[in-house]
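Student: File query.tsv follows (TSV, C-alpha atoms):
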```tsv
chain	number	residue	atom	x	y	z
E	958	THR	CA	7.68	6.57	-21.18
E	959	PRO	CA	7.65	5.83	-24.93
E	960	LEU	CA	3.84	5.98	-24.87
E	961	PHE	CA	3.91	9.49	-23.36
E	962	GLN	CA	6.38	10.62	-26.01
E	963	GLN	CA	4.28	9.13	-28.82
E	964	ILE	CA	1.16	10.92	-27.54
E	965	THR	CA	3.04	14.21	-27.05
E	966	GLN	CA	4.43	14.03	-30.56
E	967	GLY	CA	1.01	13.25	-31.99
E	968	ASP	CA	2.03	9.83	-33.31
E	969	ILE	CA	-0.90	8.18	-31.56
E	970	PRO	CA	-4.03	9.67	-29.93
E	971	ASN	CA	-4.44	10.04	-26.20
E	972	PRO	CA	-6.64	7.18	-24.91
E	973	ASP	CA	-10.24	8.28	-24.42
E	974	ASP	CA	-11.17	8.21	-20.72
E	975	ASP	CA	-14.76	7.10	-21.30
E	976	LEU	CA	-13.72	4.32	-23.67
E	977	ALA	CA	-11.05	3.15	-21.21
E	978	ALA	CA	-13.66	3.07	-18.43
E	979	ASP	CA	-16.06	1.06	-20.61
E	980	MET	CA	-13.30	-1.44	-21.42
E	981	TYR	CA	-12.38	-1.69	-17.72
E	982	ALA	CA	-16.01	-2.35	-16.77
E	983	CYS	CA	-16.25	-5.01	-19.47
E	984	THR	CA	-13.09	-6.65	-18.15
E	985	ILE	CA	-14.42	-6.72	-14.57
E	986	ASP	CA	-17.74	-8.27	-15.66
E	987	THR	CA	-16.29	-10.76	-18.12
E	988	LEU	CA	-13.60	-12.08	-15.79
E	989	GLY	CA	-16.07	-12.16	-12.89
E	990	GLU	CA	-18.45	-14.31	-14.90
E	991	ALA	CA	-15.54	-16.62	-15.76
E	992	GLY	CA	-14.76	-17.20	-12.07
E	993	TYR	CA	-11.93	-14.75	-11.55
E	994	ALA	CA	-11.83	-12.54	-8.46
E	995	HIS	CA	-10.82	-8.91	-8.93
E	996	TYR	CA	-8.35	-8.54	-6.05
E	997	GLU	CA	-6.15	-5.62	-7.19
E	998	ILE	CA	-6.96	-2.65	-9.42
E	999	SER	CA	-5.39	-4.29	-12.47
E	1000	ASN	CA	-5.17	-7.94	-11.38
E	1001	TRP	CA	-7.49	-10.93	-11.16
E	1002	ALA	CA	-7.03	-14.48	-9.88
E	1003	LYS	CA	-9.11	-17.64	-10.05
E	1004	THR	CA	-11.49	-17.68	-7.10
E	1005	GLU	CA	-12.14	-20.67	-4.84
E	1006	ASP	CA	-15.04	-22.05	-2.82
E	1007	GLY	CA	-15.59	-20.34	0.51
E	1008	LEU	CA	-13.67	-17.16	-0.41
E	1009	LEU	CA	-15.14	-14.29	1.61
E	1010	GLU	CA	-15.84	-11.04	-0.22
E	1011	TRP	CA	-13.02	-9.20	1.56
E	1012	GLN	CA	-10.38	-11.92	1.15
E	1013	THR	CA	-7.64	-12.04	-1.47
E	1014	PRO	CA	-7.74	-15.33	-3.43
E	1015	ARG	CA	-5.08	-17.95	-2.75
E	1016	LEU	CA	-3.83	-17.80	-6.36
E	1017	ALA	CA	-3.12	-14.06	-6.22
E	1018	SER	CA	0.45	-13.03	-7.05
E	1019	ALA	CA	2.47	-13.70	-3.88
E	1020	HIS	CA	5.32	-11.61	-5.31
E	1021	ASN	CA	3.28	-8.47	-5.93
E	1022	LEU	CA	1.29	-8.77	-2.70
E	1023	ILE	CA	4.51	-7.92	-0.89
E	1024	TYR	CA	4.55	-4.53	-2.60
E	1025	TRP	CA	0.85	-3.77	-2.21
E	1026	ARG	CA	0.94	-4.69	1.48
E	1027	ASN	CA	3.96	-2.41	1.85
E	1028	ARG	CA	6.29	-5.03	3.23
E	1029	PRO	CA	10.09	-5.08	2.91
E	1030	TYR	CA	11.72	-6.74	-0.10
E	1031	LEU	CA	15.25	-7.35	-1.30
E	1032	GLY	CA	16.33	-6.05	-4.69
E	1033	LEU	CA	18.41	-8.65	-6.54
E	1034	GLY	CA	19.93	-7.85	-9.91
E	1035	ALA	CA	20.95	-4.79	-11.89
E	1036	GLY	CA	18.53	-1.88	-11.45
E	1037	ALA	CA	16.41	-3.73	-8.89
E	1038	PHE	CA	14.81	-1.81	-6.02
E	1039	GLY	CA	14.80	-2.87	-2.39
E	1040	THR	CA	13.27	-1.51	0.79
E	1041	ILE	CA	13.51	-2.06	4.52
E	1042	ASN	CA	10.76	-1.15	6.98
E	1043	ALA	CA	11.81	-1.33	10.63
E	1044	GLN	CA	9.53	-0.85	13.61
E	1045	ARG	CA	10.83	0.30	16.97
E	1046	GLY	CA	8.80	0.62	20.13
E	1047	THR	CA	9.66	3.12	22.87
E	1048	LEU	CA	7.45	3.57	25.93
E	1049	GLY	CA	4.43	2.41	24.01
E	1050	GLN	CA	5.09	4.71	21.05
E	1051	ARG	CA	6.28	3.41	17.71
E	1052	SER	CA	8.23	5.11	14.98
E	1053	VAL	CA	8.83	3.68	11.53
E	1054	LEU	CA	12.11	3.93	9.71
E	1055	ALA	CA	11.83	3.08	6.02
E	1056	GLN	CA	14.73	3.03	3.62
E	1057	ARG	CA	14.67	2.45	-0.13
E	1058	TRP	CA	17.35	2.11	-2.80
E	1059	ALA	CA	18.08	0.89	-6.32
E	1060	ASN	CA	21.02	-1.22	-7.46
E	1061	VAL	CA	23.34	0.09	-10.16
E	1062	LYS	CA	21.70	-0.28	-13.57
E	1063	ARG	CA	24.49	-1.69	-15.74
E	1064	PRO	CA	24.67	-5.50	-15.36
E	1065	GLN	CA	28.47	-5.55	-15.63
E	1066	ASN	CA	28.85	-2.93	-12.87
E	1067	TYR	CA	26.44	-4.92	-10.70
E	1068	ILE	CA	28.39	-8.15	-11.26
E	1069	THR	CA	31.72	-6.46	-10.56
E	1070	ARG	CA	30.50	-4.93	-7.31
E	1071	VAL	CA	29.07	-8.23	-6.08
E	1072	GLU	CA	32.16	-10.26	-7.04
E	1073	THR	CA	34.69	-7.82	-5.55
E	1074	GLY	CA	32.68	-6.79	-2.50
E	1075	SER	CA	31.66	-8.49	0.71
E	1076	GLY	CA	27.91	-8.29	0.26
E	1077	LEU	CA	24.96	-7.23	-1.85
E	1078	GLY	CA	24.94	-3.80	-0.21
E	1079	LEU	CA	27.86	-2.74	-2.39
E	1080	ALA	CA	25.71	-3.29	-5.49
E	1081	ARG	CA	23.51	-0.34	-4.52
E	1082	ASN	CA	23.58	2.98	-6.31
E	1083	GLU	CA	24.34	5.34	-3.44
E	1084	LYS	CA	22.60	8.25	-5.19
E	1085	THR	CA	19.26	6.43	-5.01
E	1086	PHE	CA	19.39	5.62	-1.30
E	1087	GLU	CA	16.63	7.43	0.57
E	1088	THR	CA	15.10	7.45	4.03
E	1089	ILE	CA	11.31	7.62	3.98
E	1090	ASP	CA	9.90	9.91	6.66
E	1091	ARG	CA	6.87	8.92	8.69
E	1092	GLU	CA	4.34	11.04	6.80
E	1093	THR	CA	5.49	9.71	3.44
E	1094	ALA	CA	5.51	6.15	4.76
E	1095	MET	CA	1.88	6.47	5.89
E	1096	ALA	CA	0.77	7.98	2.58
E	1097	GLU	CA	2.55	5.27	0.60
E	1098	HIS	CA	0.95	2.62	2.80
E	1099	MET	CA	-2.48	3.95	1.84
E	1100	LEU	CA	-1.68	4.36	-1.86
E	1101	LEU	CA	-0.39	0.80	-2.11
E	1102	GLY	CA	-2.97	-0.85	0.15
E	1103	LEU	CA	-6.00	0.71	-1.51
E	1104	ARG	CA	-4.95	-0.97	-4.75
E	1105	LEU	CA	-6.07	-4.22	-3.12
E	1106	VAL	CA	-9.75	-3.79	-3.93
E	1107	ARG	CA	-10.97	-6.69	-1.79
E	1108	GLU	CA	-8.91	-6.39	1.40
E	1109	GLY	CA	-7.93	-2.71	1.31
E	1110	VAL	CA	-6.07	-1.29	4.32
E	1111	GLY	CA	-6.62	-2.66	7.82
E	1112	ALA	CA	-7.22	-0.06	10.52
E	1113	ALA	CA	-5.63	-2.20	13.24
E	1114	GLU	CA	-2.54	-2.89	11.13
E	1115	PHE	CA	-2.16	0.81	10.32
E	1116	GLU	CA	-2.34	1.79	13.98
E	1117	SER	CA	0.06	-0.96	15.03
E	1118	ARG	CA	2.58	0.09	12.43
E	1119	PHE	CA	2.38	3.86	12.70
E	1120	GLY	CA	1.03	4.41	16.21
E	1121	MET	CA	-1.90	6.49	14.88
E	1122	SER	CA	-5.57	5.79	14.26
E	1123	LEU	CA	-6.34	5.48	10.54
E	1124	PRO	CA	-9.81	7.11	10.83
E	1125	GLU	CA	-8.32	10.03	12.77
E	1126	ARG	CA	-5.16	10.55	10.73
E	1127	TYR	CA	-6.99	10.57	7.41
E	1128	ALA	CA	-10.41	11.79	8.45
E	1129	GLN	CA	-10.76	14.25	5.56
E	1130	ALA	CA	-9.52	11.79	2.93
E	1131	ILE	CA	-11.90	9.10	4.18
E	1132	ALA	CA	-14.79	11.56	4.30
E	1133	PHE	CA	-14.09	12.53	0.68
E	1134	GLY	CA	-14.29	8.91	-0.41
E	1135	PHE	CA	-17.51	8.28	1.51
E	1136	LYS	CA	-19.13	11.47	0.25
E	1137	HIS	CA	-18.61	10.46	-3.37
E	1138	GLY	CA	-19.26	6.75	-2.90
E	1139	LEU	CA	-15.66	5.84	-3.70
E	1140	THR	CA	-14.58	4.13	-0.46
E	1141	GLU	CA	-16.19	1.98	2.21
E	1142	TRP	CA	-15.44	0.18	5.46
E	1143	VAL	CA	-15.70	-3.60	5.42
E	1144	GLU	CA	-15.85	-5.56	8.69
E	1145	THR	CA	-13.67	-8.64	9.13
E	1146	PRO	CA	-13.12	-10.91	12.16
E	1147	ALA	CA	-9.83	-9.16	12.87
E	1148	ALA	CA	-10.67	-5.49	12.27
E	1149	SER	CA	-12.29	-2.93	10.00
E	1150	ARG	CA	-10.69	-2.40	6.60
E	1151	LEU	CA	-10.92	0.60	4.29
E	1152	ARG	CA	-11.22	-0.19	0.59
E	1153	LEU	CA	-12.40	1.19	-2.71
E	1154	THR	CA	-15.99	0.64	-3.81
E	1155	LYS	CA	-16.59	-0.73	-7.30
E	1156	GLN	CA	-17.15	2.85	-8.47
E	1157	GLY	CA	-13.99	3.88	-6.67
E	1158	ARG	CA	-11.93	1.48	-8.76
E	1159	PHE	CA	-12.60	3.71	-11.77
E	1160	LEU	CA	-11.50	6.85	-9.90
E	1161	ALA	CA	-8.75	5.39	-7.73
E	1162	ASN	CA	-6.29	8.17	-8.51
E	1163	GLN	CA	-8.73	10.81	-7.22
E	1164	VAL	CA	-9.17	8.82	-4.01
E	1165	MET	CA	-5.48	8.23	-3.42
E	1166	LEU	CA	-4.63	11.86	-4.09
E	1167	GLN	CA	-6.56	12.78	-0.93
E	1168	PHE	CA	-4.08	10.79	1.18
E	1169	MET	CA	-1.14	12.72	-0.24
E	1170	GLU	CA	-2.40	16.17	0.76
```
For the file at hand, write its structure as structure tokens.
Tutor:
Amino acid sequence: TPLFQQITQGDIPNPDDDLAADMYACTIDTLGEAGYAHYEISNWAKTEDGLLEWQTPRLASAHNLIYWRNRPYLGLGAGAFGTINAQRGTLGQRSVLAQRWANVKRPQNYITRVETGSGLGLARNEKTFETIDRETAMAEHMLLGLRLVREGVGAAEFESRFGMSLPERYAQAIAFGFKHGLTEWVETPAASRLRLTKQGRFLANQVMLQFME
């Protein structure tokens, strides 16, 4: 990114980690006092009466929640990404097929493909098309879901989608988070959910890295 290049070239200093943490803590406290619920690592929304401590507020970004909950979305426009997650059940066992792609980047190429083709599929850049294997799909599900600091990742949803128990599949990663006070289980009427603690929000990358190993 331009910021990385500017730091590498010495044009601007690398942000100080402690200062960034202090500013983040100030943001959490200030917005909380103003009535905004911290529902995603870098997002807040106005809270409402009766909102339970594990629930995402109604005014949260409906668009971005699709990504963080790892649901399929359609990429429309030049350079847009899309993904399809398909579940198939066979004799009680489920496998997940996930596919992801990006459309061609140049607007004129995108327009030409759409106008001369028979569907949006022709607007895709074939070189970007990828099939996400099961292990990667599970890891991405955790990385995205843990960004939702109130609701986290539901154990029942994980098992339904991947056919594996979340506590068993990621026992070591969960133990790491608990040992350092970075993650916690929260009980809801539907099922248990794994989420970051307030301290864990400051060290989210360290937590999420455990689910990639």
Student: Write out as a short mmCIF file (atom, residue, chain, number, x, y, z; two decimals) with C-alpha atoms, keeping the file's coordinate frame the residues lying within 9 Å of Ala1059 (chain E), counting only C-alpha atoms and excluding same-chain residues fewer than 4 positions away.
Tutor:
```cif
data_model
loop_
_atom_site.label_atom_id
_atom_site.label_comp_id
_atom_site.auth_asym_id
_atom_site.auth_seq_id
_atom_site.Cartn_x
_atom_site.Cartn_y
_atom_site.Cartn_z
CA GLY E 1032 16.33 -6.05 -4.69
CA ALA E 1035 20.95 -4.79 -11.89
CA GLY E 1036 18.53 -1.88 -11.45
CA ALA E 1037 16.41 -3.73 -8.89
CA PHE E 1038 14.81 -1.81 -6.02
CA GLY E 1039 14.80 -2.87 -2.39
CA THR E 1040 13.27 -1.51 0.79
CA ALA E 1080 25.71 -3.29 -5.49
CA ARG E 1081 23.51 -0.34 -4.52
CA ASN E 1082 23.58 2.98 -6.31
CA GLU E 1083 24.34 5.34 -3.44
CA LYS E 1084 22.60 8.25 -5.19
CA THR E 1085 19.26 6.43 -5.01
CA PHE E 1086 19.39 5.62 -1.30
#
```
Student: Please provide the set of residues having any atom within 7 Å of Arg1150 (chain E), restricted to all atoms listed in the file, with same-chain residues fewer than 3 positions apart removed, written as a short mmCIF file (atom, residue, chain, number, x, y, z; two decimals) with C-alpha atoms, keeping the file's coordinate frame.
Tutor:
```
data_model
loop_
_atom_site.label_atom_id
_atom_site.label_comp_id
_atom_site.auth_asym_id
_atom_site.auth_seq_id
_atom_site.Cartn_x
_atom_site.Cartn_y
_atom_site.Cartn_z
CA GLU E 1108 -8.91 -6.39 1.40
CA GLY E 1109 -7.93 -2.71 1.31
CA VAL E 1110 -6.07 -1.29 4.32
CA GLY E 1111 -6.62 -2.66 7.82
CA ALA E 1112 -7.22 -0.06 10.52
CA TRP E 1142 -15.44 0.18 5.46
CA VAL E 1143 -15.70 -3.60 5.42
CA GLU E 1144 -15.85 -5.56 8.69
#
```
Student: Mind working out the centre and edge lengths of an axis-aligned box for region 1135-1141 of chain E, all listed atoms inside, 3 Å added to each side, rounded to one decimal in Å and written as JSON?
Tutor:
```
{"center_x": -16.9, "center_y": 6.7, "center_z": -0.7, "size_x": 10.7, "size_y": 15.5, "size_z": 11.9}
```
Student: Which of these residues is nearest to Thr1013 (chain E), using only C-alpha atoms: E:Val1106, E:Glu1092, E:Thr958, E:Ser1122?
Tutor: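 The closest residue to Thr1013 (chain E) is E:Val1106.
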Student: Which protein, DNA or RNA residues have an atom at most 12 Å from (-11.1, -12.4, -7.4), counting only C-alpha atoms? List them as a PyMOL selection string.
Tutor: chain E and resi 985-986+988-1006+1008-1018+1105-1108
Student: Find, counting all atoms listed in the file, the residue in E:Ala1161, E:Ala1055, E:Leu1079, E:Leu976 that gets nearest to Gly1134 (chain E).
Tutor: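 Once distances to Gly1134 (chain E) are computed over all atoms listed in the file, the minimum belongs to E:Ala1161.
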Student: To one decimal place, how far is CA of Asp1090 (chain E) from CA of Thr1140 (chain E) in Å?
Tutor: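 So the two atoms, CA of Asp1090 (chain E) and CA of Thr1140 (chain E), lie 26.1 Å apart.
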Student: Tell me which residues come within 10 Å of (-7.4, 4.8, -5.9), as number ranges by chain, counting all atoms listed in the file in the file's coordinates.
Tutor: E: 998, 1099-1106, 1134, 1139-1140, 1152-1154, 1157-1168
Student: Counting all atoms listed in the file, figure out which residue out of E:Arg1091, E:Arg1028, E:Arg1070, E:Arg1063 gets nearest to Asn1042 (chain E).
Tutor: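 Checking each of E:Arg1091, E:Arg1028, E:Arg1070, E:Arg1063 against Asn1042 (chain E), counting all atoms listed in the file, the winner is E:Arg1028.
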